[in-house]
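Peer 1: One file: entry-v9.txt (compact mmCIF, C-alpha atoms).
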```
# COMPACT_ATOMS: atom_id res chain seq x y z
CA MET A 1 -100.13 103.75 -127.31
CA MET A 2 -98.42 102.86 -124.03
CA LEU A 3 -100.30 103.63 -120.83
CA SER A 4 -97.28 105.32 -119.27
CA HIS A 5 -97.23 107.90 -122.11
CA THR A 6 -100.99 108.47 -122.19
CA ARG A 7 -102.13 111.86 -120.92
CA ALA A 8 -104.61 111.97 -118.07
CA ARG A 9 -107.37 113.44 -120.26
CA GLU A 10 -106.95 110.54 -122.74
CA LEU A 11 -107.27 107.67 -120.27
CA ASP A 12 -110.94 107.04 -121.05
CA LYS A 13 -110.10 106.74 -124.75
CA PHE A 14 -107.18 104.44 -123.90
CA ILE A 15 -109.56 102.14 -122.04
CA GLU A 16 -112.06 102.17 -124.90
CA ASP A 17 -109.45 101.58 -127.60
CA HIS A 18 -107.22 99.04 -125.85
CA LEU A 19 -108.89 97.44 -122.81
CA LEU A 20 -112.59 96.92 -123.48
CA PRO A 21 -113.30 93.57 -125.17
CA ASP A 22 -114.96 93.91 -128.57
CA THR A 23 -118.46 92.54 -129.10
CA LEU A 24 -117.47 89.62 -131.34
CA PHE A 25 -114.78 88.52 -128.90
CA ARG A 26 -117.23 88.63 -125.98
CA MET A 27 -119.78 86.60 -127.93
CA ARG A 28 -117.23 83.91 -128.81
CA VAL A 29 -115.96 83.66 -125.26
CA ARG A 30 -119.52 83.53 -123.92
CA LYS A 31 -120.28 80.68 -126.32
CA ALA A 32 -117.16 78.79 -125.21
CA VAL A 33 -118.11 79.25 -121.55
CA HIS A 34 -121.64 78.03 -122.29
CA GLU A 35 -120.28 74.91 -124.00
CA ILE A 36 -118.03 74.04 -121.04
CA CYS A 37 -120.81 74.77 -118.52
CA SER A 38 -123.19 72.49 -120.43
CA PHE A 39 -120.54 69.78 -120.55
CA LEU A 40 -119.89 70.01 -116.81
CA LYS A 41 -123.55 69.97 -115.87
CA GLU A 42 -125.04 67.52 -118.38
CA ARG A 43 -122.32 65.12 -119.47
CA CYS A 44 -119.28 65.22 -117.24
CA PHE A 45 -120.34 62.86 -114.45
CA ARG A 46 -122.67 60.69 -116.50
CA GLY A 47 -120.32 57.69 -116.38
CA ALA A 48 -118.91 58.24 -112.89
CA PRO A 49 -118.70 55.17 -110.59
CA HIS A 50 -121.05 56.85 -108.12
CA ARG A 51 -124.02 59.01 -108.99
CA VAL A 52 -122.90 62.65 -108.96
CA ARG A 53 -125.29 65.53 -109.43
CA VAL A 54 -124.13 69.01 -110.41
CA SER A 55 -126.54 71.44 -108.79
CA LYS A 56 -125.18 74.43 -110.73
CA VAL A 57 -122.11 75.83 -112.47
CA VAL A 58 -121.31 79.48 -111.70
CA LYS A 59 -118.97 81.66 -113.71
CA GLY A 60 -116.56 83.67 -111.57
CA GLY A 61 -113.33 85.52 -112.23
CA SER A 62 -113.12 88.47 -114.60
CA SER A 63 -115.72 87.02 -116.98
CA GLY A 64 -118.26 86.63 -114.20
CA LYS A 65 -117.59 90.06 -112.71
CA GLY A 66 -117.73 91.93 -116.01
CA THR A 67 -114.14 93.21 -115.85
CA THR A 68 -112.48 91.17 -118.62
CA LEU A 69 -109.59 92.78 -120.46
CA ARG A 70 -109.34 92.72 -124.25
CA GLY A 71 -107.36 89.76 -125.50
CA ARG A 72 -107.35 88.02 -122.13
CA SER A 73 -110.00 85.32 -122.22
CA ASP A 74 -110.24 83.40 -118.98
CA ALA A 75 -113.07 82.07 -116.87
CA ASP A 76 -113.35 80.53 -113.41
CA LEU A 77 -116.12 77.93 -113.29
CA VAL A 78 -117.23 76.78 -109.87
CA VAL A 79 -118.98 73.41 -110.01
CA PHE A 80 -121.34 72.96 -107.08
CA LEU A 81 -121.82 69.27 -106.36
CA SER A 82 -124.65 67.78 -104.33
CA GLU A 83 -122.24 65.13 -103.00
CA LEU A 84 -120.21 67.78 -101.17
CA ARG A 85 -122.15 68.47 -97.97
CA SER A 86 -119.51 70.25 -95.88
CA PHE A 87 -116.29 72.20 -96.14
CA GLN A 88 -114.45 69.14 -94.86
CA GLU A 89 -115.87 67.01 -97.68
CA GLN A 90 -114.85 69.63 -100.23
CA LEU A 91 -111.32 69.52 -98.88
CA ASP A 92 -111.19 65.73 -98.79
CA ARG A 93 -112.88 64.90 -102.10
CA ARG A 94 -112.14 67.75 -104.48
CA GLY A 95 -109.18 65.89 -106.01
CA GLU A 96 -111.42 62.93 -106.77
CA PHE A 97 -113.88 65.09 -108.69
CA ILE A 98 -111.13 66.98 -110.51
CA GLN A 99 -109.70 63.69 -111.74
CA GLU A 100 -113.13 62.66 -113.04
CA ILE A 101 -113.59 65.99 -114.85
CA ARG A 102 -110.17 65.58 -116.43
CA ARG A 103 -110.97 62.03 -117.54
CA GLN A 104 -114.25 63.13 -119.13
CA LEU A 105 -112.64 66.09 -120.92
CA GLU A 106 -110.06 63.78 -122.47
CA ALA A 107 -112.77 61.33 -123.50
CA PHE A 108 -114.88 64.14 -124.95
CA GLN A 109 -111.97 65.32 -127.08
CA ARG A 110 -111.34 61.79 -128.40
CA ASP A 111 -115.00 61.15 -129.21
CA THR A 112 -115.98 64.45 -130.79
CA GLU A 113 -115.35 65.41 -134.41
CA THR A 114 -116.02 69.12 -133.99
CA GLY A 115 -112.34 70.09 -133.69
CA VAL A 116 -112.67 71.00 -130.01
CA GLN A 117 -109.34 70.71 -128.19
CA PHE A 118 -108.34 70.78 -124.53
CA GLU A 119 -104.85 71.43 -123.23
CA ILE A 120 -104.95 70.32 -119.60
CA GLN A 121 -102.28 71.63 -117.25
CA GLU A 122 -100.57 69.22 -114.91
CA SER A 123 -100.98 69.90 -111.20
CA ARG A 124 -98.08 69.37 -108.82
CA TRP A 125 -100.47 68.87 -105.91
CA GLU A 126 -101.74 65.47 -104.80
CA ASN A 127 -105.10 66.95 -103.82
CA PRO A 128 -105.52 69.91 -106.23
CA ARG A 129 -108.24 72.50 -105.64
CA VAL A 130 -108.52 73.48 -109.31
CA LEU A 131 -108.34 71.94 -112.78
CA SER A 132 -106.78 74.36 -115.27
CA PHE A 133 -107.04 73.87 -119.03
CA LYS A 134 -107.07 75.77 -122.30
CA PHE A 135 -110.03 75.37 -124.63
CA CYS A 136 -109.89 75.87 -128.37
CA SER A 137 -112.55 75.40 -131.04
CA PRO A 138 -112.71 76.25 -134.77
CA GLU A 139 -114.87 79.29 -133.98
CA LEU A 140 -112.30 80.86 -131.64
CA ASN A 141 -109.35 82.85 -132.91
CA ASN A 142 -107.47 82.14 -129.69
CA THR A 143 -107.76 79.89 -126.68
CA VAL A 144 -109.89 80.44 -123.59
CA GLU A 145 -108.28 79.56 -120.27
CA PHE A 146 -110.50 77.84 -117.71
CA ASP A 147 -110.11 77.11 -114.03
CA VAL A 148 -112.68 74.59 -112.78
CA LEU A 149 -113.22 74.31 -109.03
CA PRO A 150 -115.50 71.79 -107.28
CA ALA A 151 -117.29 73.37 -104.33
CA PHE A 152 -119.76 72.80 -101.50
CA ASP A 153 -122.99 74.76 -102.08
CA VAL A 154 -123.20 76.30 -98.62
CA LEU A 155 -125.34 79.25 -99.76
CA GLY A 156 -127.93 77.07 -101.49
CA LEU A 157 -128.98 79.85 -103.88
CA GLN A 158 -131.18 78.79 -106.78
CA THR A 159 -129.69 80.06 -110.02
CA ALA A 160 -130.28 79.25 -113.67
CA GLY A 161 -127.10 78.73 -115.67
CA PRO A 162 -123.74 80.41 -115.04
CA GLU A 163 -125.26 83.90 -114.64
CA PRO A 164 -126.76 84.11 -111.13
CA HIS A 165 -128.85 87.15 -110.31
CA ILE A 166 -128.59 88.01 -106.63
CA HIS A 167 -130.78 90.75 -105.20
CA GLU A 168 -128.75 93.75 -104.10
CA ASP A 169 -130.07 93.46 -100.54
CA TYR A 170 -129.40 89.72 -100.21
CA ARG A 171 -127.56 88.76 -97.03
CA PRO A 172 -126.59 85.19 -96.07
CA ASP A 173 -127.74 83.66 -92.81
CA PRO A 174 -125.00 84.50 -90.25
CA GLN A 175 -124.85 80.82 -89.28
CA ILE A 176 -123.26 80.14 -92.67
CA TYR A 177 -120.32 82.30 -91.67
CA VAL A 178 -120.25 80.85 -88.17
CA ARG A 179 -119.91 77.42 -89.75
CA LEU A 180 -117.20 78.69 -92.13
CA ILE A 181 -115.21 80.32 -89.32
CA ASN A 182 -115.42 77.24 -87.09
CA GLU A 183 -114.31 74.91 -89.89
CA CYS A 184 -111.50 77.17 -91.14
CA THR A 185 -110.21 77.64 -87.60
CA ARG A 186 -110.31 73.91 -86.90
CA LEU A 187 -108.66 72.97 -90.19
CA GLY A 188 -106.24 75.89 -90.36
CA LYS A 189 -107.54 76.65 -93.88
CA GLU A 190 -108.57 80.29 -93.81
CA GLY A 191 -109.54 81.53 -97.27
CA GLU A 192 -109.50 77.98 -98.64
CA PHE A 193 -113.25 77.87 -99.27
CA SER A 194 -113.74 81.19 -101.07
CA PRO A 195 -115.06 79.39 -104.21
CA CYS A 196 -118.17 78.51 -102.17
CA PHE A 197 -118.96 82.24 -102.13
CA THR A 198 -118.34 82.94 -105.82
CA GLU A 199 -121.91 84.13 -106.34
CA LEU A 200 -121.42 86.86 -103.74
CA GLN A 201 -117.97 87.83 -105.02
CA ARG A 202 -119.24 88.38 -108.55
CA ALA A 203 -122.39 90.19 -107.38
CA PHE A 204 -120.25 92.53 -105.27
CA LEU A 205 -118.39 93.73 -108.38
CA ARG A 206 -120.92 93.10 -111.14
CA GLN A 207 -123.48 95.49 -109.62
CA ARG A 208 -121.03 98.40 -109.79
CA PRO A 209 -121.29 101.32 -112.26
CA THR A 210 -119.87 100.83 -115.74
CA LYS A 211 -117.21 103.49 -115.33
CA LEU A 212 -115.95 101.93 -112.10
CA LYS A 213 -115.52 98.65 -113.98
CA SER A 214 -113.52 100.56 -116.59
CA LEU A 215 -111.29 101.94 -113.84
CA ILE A 216 -110.85 98.39 -112.53
CA ARG A 217 -109.79 97.33 -116.03
CA LEU A 218 -107.23 100.14 -116.11
CA VAL A 219 -105.80 99.11 -112.73
CA LYS A 220 -105.68 95.47 -113.84
CA HIS A 221 -103.85 96.47 -117.02
CA TRP A 222 -101.34 98.42 -114.93
CA TYR A 223 -100.96 95.39 -112.64
CA GLN A 224 -100.28 93.15 -115.66
CA LEU A 225 -97.57 95.56 -116.84
CA CYS A 226 -96.01 95.40 -113.37
CA ARG A 227 -96.15 91.62 -113.35
CA GLU A 228 -94.45 91.41 -116.74
CA ARG A 229 -91.67 93.64 -115.45
CA LEU A 230 -91.30 92.42 -111.87
CA GLY A 231 -92.40 88.80 -112.03
CA LYS A 232 -93.38 87.17 -108.74
CA PRO A 233 -94.11 87.62 -105.93
CA LEU A 234 -96.78 90.31 -106.20
CA PRO A 235 -100.03 90.83 -104.28
CA PRO A 236 -103.07 89.03 -105.74
CA GLN A 237 -104.81 90.92 -108.55
CA TYR A 238 -108.11 90.55 -106.68
CA ALA A 239 -106.65 92.75 -103.92
CA LEU A 240 -106.10 95.54 -106.47
CA GLU A 241 -109.68 95.16 -107.74
CA LEU A 242 -111.06 95.52 -104.22
CA LEU A 243 -108.72 98.42 -103.52
CA THR A 244 -110.20 100.18 -106.55
CA VAL A 245 -113.74 99.62 -105.28
CA TYR A 246 -112.72 100.95 -101.87
CA ALA A 247 -111.14 104.08 -103.38
CA TRP A 248 -114.34 104.80 -105.32
CA GLU A 249 -116.63 104.14 -102.34
CA ARG A 250 -114.66 106.33 -99.97
CA GLY A 251 -113.63 109.10 -102.33
CA CYS A 252 -116.26 109.42 -105.03
CA LYS A 253 -119.44 107.28 -105.14
CA GLU A 254 -120.43 109.01 -108.42
CA THR A 255 -121.23 107.19 -111.67
CA SER A 256 -119.26 109.82 -113.61
CA PHE A 257 -115.80 110.81 -112.42
CA SER A 258 -112.25 111.59 -113.49
CA THR A 259 -110.55 108.33 -114.42
CA ALA A 260 -107.13 109.89 -113.84
CA GLU A 261 -108.09 110.93 -110.30
CA GLY A 262 -109.37 107.44 -109.55
CA PHE A 263 -106.24 105.85 -110.98
CA ARG A 264 -103.99 108.15 -108.95
CA THR A 265 -105.95 107.39 -105.78
CA VAL A 266 -105.47 103.64 -106.23
CA LEU A 267 -101.73 104.04 -106.83
CA GLU A 268 -101.42 106.23 -103.74
CA LEU A 269 -103.15 103.52 -101.70
CA VAL A 270 -100.69 100.96 -103.08
CA VAL A 271 -97.82 103.21 -101.99
CA ASP A 272 -99.41 103.45 -98.52
CA TYR A 273 -100.01 99.68 -98.32
CA GLN A 274 -98.60 99.40 -94.79
CA ASN A 275 -101.62 101.28 -93.45
CA LEU A 276 -104.34 99.37 -95.33
CA CYS A 277 -107.01 97.67 -93.26
CA ILE A 278 -110.14 97.34 -95.38
CA TYR A 279 -113.30 95.32 -94.97
CA TRP A 280 -116.95 95.46 -95.95
CA THR A 281 -120.14 94.73 -94.05
CA LYS A 282 -122.41 93.96 -96.99
CA TYR A 283 -122.63 90.21 -96.35
CA TYR A 284 -121.34 89.87 -92.76
CA ASP A 285 -120.78 92.19 -89.79
CA PHE A 286 -120.02 92.29 -86.06
CA GLU A 287 -123.55 91.63 -84.79
CA ASN A 288 -123.13 87.88 -84.32
CA PRO A 289 -120.70 87.38 -81.40
CA ILE A 290 -118.71 84.60 -83.06
CA ILE A 291 -118.35 86.50 -86.35
CA GLY A 292 -117.62 89.75 -84.51
CA GLN A 293 -114.88 88.22 -82.37
CA TYR A 294 -113.32 86.59 -85.41
CA LEU A 295 -113.40 89.83 -87.44
CA ARG A 296 -111.69 91.77 -84.67
CA ARG A 297 -108.95 89.16 -84.64
CA GLN A 298 -108.61 89.37 -88.43
CA LEU A 299 -108.33 93.15 -88.32
CA LYS A 300 -105.49 92.99 -85.81
CA GLN A 301 -103.29 91.19 -88.32
CA PRO A 302 -100.21 93.01 -89.60
CA ARG A 303 -100.97 95.32 -92.52
CA PRO A 304 -102.00 95.17 -95.28
CA VAL A 305 -105.41 93.64 -94.59
CA ILE A 306 -108.12 93.54 -97.26
CA LEU A 307 -110.83 91.07 -96.30
CA ASP A 308 -112.78 89.35 -99.05
CA PRO A 309 -116.24 90.99 -98.90
CA ALA A 310 -117.83 87.55 -99.38
CA ASP A 311 -115.49 85.51 -97.14
CA PRO A 312 -114.24 86.97 -93.83
CA THR A 313 -111.59 84.22 -93.52
CA GLY A 314 -109.79 85.43 -96.64
CA ASN A 315 -107.28 88.27 -96.37
CA VAL A 316 -106.81 88.80 -100.10
CA ALA A 317 -103.98 91.25 -99.48
CA GLY A 318 -101.91 88.22 -98.59
CA GLY A 319 -100.59 89.64 -95.32
CA PRO A 320 -97.11 91.04 -94.76
CA GLY A 321 -95.17 88.00 -95.96
CA GLY A 322 -92.66 88.50 -98.76
CA ASP A 323 -91.83 91.75 -100.53
CA GLY A 324 -94.59 91.76 -103.16
CA TRP A 325 -96.36 94.87 -101.84
CA TRP A 326 -93.07 96.71 -101.35
CA ARG A 327 -92.05 96.02 -104.95
CA LEU A 328 -95.44 97.06 -106.30
CA ALA A 329 -95.38 100.22 -104.16
CA GLN A 330 -92.01 101.26 -105.61
CA VAL A 331 -93.43 101.05 -109.14
CA ALA A 332 -96.63 102.87 -108.11
CA ALA A 333 -94.61 105.72 -106.59
CA ALA A 334 -92.68 106.12 -109.85
CA TRP A 335 -95.91 106.12 -111.89
CA LEU A 336 -97.25 109.06 -109.88
CA GLY A 337 -94.82 111.21 -111.89
CA TYR A 338 -95.77 109.80 -115.32
CA PRO A 339 -97.71 111.73 -118.02
CA CYS A 340 -100.91 109.80 -117.23
CA MET A 341 -100.89 111.60 -113.86
CA GLU A 342 -100.50 115.10 -115.35
CA ASN A 343 -103.12 117.65 -116.36
CA TRP A 344 -102.90 119.41 -119.73
CA ASP A 345 -100.79 122.20 -118.14
CA GLY A 346 -98.32 119.77 -116.58
CA SER A 347 -99.69 120.06 -113.05
CA PRO A 348 -100.30 116.79 -111.14
CA VAL A 349 -103.76 115.25 -111.26
CA GLY A 350 -105.63 115.43 -107.98
CA SER A 351 -106.75 112.38 -106.02
CA TRP A 352 -109.81 111.45 -104.01
CA ASP A 353 -109.85 112.04 -100.27
CA VAL A 354 -110.20 108.49 -98.95
CA GLY A 355 -108.22 108.66 -95.72
CA LEU A 356 -107.28 105.64 -93.67
CA ARG A 357 -109.59 106.39 -90.77
CA GLY A 358 -113.34 106.84 -90.53
CA LYS A 359 -116.43 104.98 -91.58
CA SER A 360 -118.77 104.92 -94.56
CA GLN A 361 -122.08 103.19 -95.08
CA ASP A 362 -120.71 100.11 -96.85
CA SER A 363 -117.07 99.86 -95.86
CA TRP A 364 -114.47 101.48 -93.69
CA THR A 365 -110.81 101.24 -92.87
CA CYS A 366 -108.93 101.28 -89.61
CA ALA A 367 -105.22 101.86 -89.38
CA ILE A 368 -102.79 101.41 -86.52
CA LEU A 369 -100.11 103.94 -87.36
```
With the file now loaded, output its structure as structure tokens.

Peer 2:
Amino acid sequence: MMLSHTRARELDKFIEDHLLPDTLFRMRVRKAVHEICSFLKERCFRGAPHRVRVSKVVKGGSSGKGTTLRGRSDADLVVFLSELRSFQEQLDRRGEFIQEIRRQLEAFQRDTETGVQFEIQESRWENPRVLSFKFCSPELNNTVEFDVLPAFDVLGLQTAGPEPHIHEDYRPDPQIYVRLINECTRLGKEGEFSPCFTELQRAFLRQRPTKLKSLIRLVKHWYQLCRERLGKPLPPQYALELLTVYAWERGCKETSFSTAEGFRTVLELVVDYQNLCIYWTKYYDFENPIIGQYLRRQLKQPRPVILDPADPTGNVAGGPGGDGWWRLAQVAAAWLGYPCMENWDGSPVGSWDVGLRGKSQDSWTCAIL
């Protein structure tokens, strides 16, 4: 059944039938991720010219956040290396480590007889920030797409394996963000070092209620439909995920809610993108003068602004450049009249009262109208 023809009261069933990954699929993907994590940590740099120690490998992306869509198997793996001791070193040396990972993957495929295969994508950048490849093994019915990113372990959190468990009240030392802001400002690389904060990004979403994650899946599915129809440019998918969290925080905060109302609220926010200015104070706030001054400057940027809750230098909305938000807003406005936005009697589904002014405990928006 197509989402556009699904009635509002049937959206939960649509998610269950079409978007939630089945148990066997999850188990196979988890096994593939475990195999690649073990390779990166235990074997990958064994023959490197200089001793390289992997302090940890953390799974990010949809797999790490618990919002994977059925049939879409991808994983971001952030490799924290002890040899990277600053943001500058990460910028300067990441290409070197990516080349070594690529070399070892190719050697592993030649040497093994297990049928494991890697399809490594060519990068057009001289100093790439990510190594992308597809992984296939006899146990998988389809491939798993991986993005591997070397990173500086600025947080220094001790985690076991790719599944870090961060206490809900954890808050980084403000000096970490002062250092990030100073380096990003000096280098002109705002948002460049977000992989360093993967553990916080995944904790921010992973700790959310199950039904909110289902709503995020629905919004992501809608975004994928838009991307298939419109192509590029579009806003980053991560911006839509955060917009969904914001809508729930401001308008609901309940573990049980109307999926249709939540979906409508997100689409209305997309339509009103020119007034979006969203940020969270879970991991950073205005108390430190350097961070506070920087945040005020960030929030004065042209709309839309959606700051990464783990990285204040990253405006994941992408700013006003291009027409991606405008194009997405046109589609969202049309969808507000679709059957999935109608009650059983044909009346329009209601939406949550989120507003674009005011303040809540965890996040708030400000809008210059």

Peer 1: With distances taken over all atoms listed in the file, which of A:Lys59, A:Lys65, A:Arg94, A:Arg264 is nearest to Met341 (chain A)?

Peer 2: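 Between A:Lys59, A:Lys65, A:Arg94, A:Arg264, the residue approaching Met341 (chain A) most closely is A:Arg264.
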
Peer 1: Between A:Arg70, A:Lys13, A:Arg303, A:His5, which residue has the minimum interatomic distance to Arg26 (chain A), considering only C-alpha atoms?

Peer 2: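 Looking at the shortest contact to Arg26 (chain A), the residue is A:Arg70.
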
Peer 1: Do you know which residues are at most 10 Å from Glu168 (chain A) counting all atoms listed in the file, after dropping those on the same chain fewer than 2 positions away, and could you put them as a PyMOL selection string?

Peer 2: chain A and resi 165-166+170-171+203-204+207+282

Peer 1: What does the distance between CA of Ile216 (chain A) and CA of Gln274 (chain A) come to in Å, to one decimal place?

Peer 2: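 Answer for the CA of Ile216 (chain A) to CA of Gln274 (chain A) separation: 21.6 Å.
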
Peer 1: Kindly give the distance, in Å, that separates CA of Trp335 (chain A) and CA of Arg227 (chain A), rounded to a single decimal.

Peer 2: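 Result for CA of Trp335 (chain A) versus CA of Arg227 (chain A): 14.6 Å, one decimal.
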
Peer 1: Tell me, in Å to one decimal, how far CA of Glu192 (chain A) is from CA of Asn127 (chain A).

Peer 2: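 Distance reported for this atom pair: 13.0 Å.
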
Peer 1: Determine, counting all atoms listed in the file, which protein, DNA and RNA residues have an atom within 9 Å of an atom of Arg9 (chain A); residues of the same chain fewer than 3 positions away are not included. Present the result as an MDAnalysis selection string.

Peer 2: chainID A and resid 6 12:13 258:260 340 342:344

Peer 1: Of the residues A:Asp311, A:Asp111, A:Asp272, A:Glu119, which is the one nearest to Pro172 (chain A), using all atoms listed in the file?

Peer 2: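 Among A:Asp311, A:Asp111, A:Asp272, A:Glu119, it is A:Asp311 that comes nearest to Pro172 (chain A).
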
Peer 1: From the options A:Ser86, A:Ser214, A:Gln99, A:Gln158, which residue's atoms come nearest to Ile176 (chain A), counting all atoms listed in the file?

Peer 2: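 Distance minimum relative to Ile176 (chain A) lands on A:Ser86.
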
Peer 1: Pick out the residues sitting within 9 Å of Leu3 (chain A), and hand them over as an mmCIF file with C-alpha atoms, keeping the file's coordinate frame; count all atoms listed in the file, and ignore anything fewer than 3 positions along from it in its own chain.

Peer 2:
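result_19.cif was written with the following content:
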```cif
data_model
loop_
_atom_site.group_PDB
_atom_site.id
_atom_site.type_symbol
_atom_site.label_atom_id
_atom_site.label_comp_id
_atom_site.auth_asym_id
_atom_site.auth_seq_id
_atom_site.Cartn_x
_atom_site.Cartn_y
_atom_site.Cartn_z
ATOM 1 C CA THR A 6 -100.990 108.470 -122.190
ATOM 2 C CA ARG A 7 -102.130 111.860 -120.920
ATOM 3 C CA LEU A 11 -107.270 107.670 -120.270
ATOM 4 C CA PHE A 14 -107.180 104.440 -123.900
ATOM 5 C CA HIS A 221 -103.850 96.470 -117.020
ATOM 6 C CA TRP A 222 -101.340 98.420 -114.930
ATOM 7 C CA PRO A 339 -97.710 111.730 -118.020
ATOM 8 C CA CYS A 340 -100.910 109.800 -117.230
#
```

Peer 1: What's around region 72-78 of chain A at 7 Å? Count only C-alpha atoms, leave out sequence neighbours fewer than 6 positions away in its own chain, and write the answer as a count of residues only.

Peer 2: 17

Peer 1: Please determine, counting all atoms listed in the file, which residue among A:Val33, A:Val52, A:Leu307, A:Ala334 has the shortest atom-to-atom distance to Gly191 (chain A).

Peer 2: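 Answer, going by the shortest atom-to-atom distance: A:Leu307.
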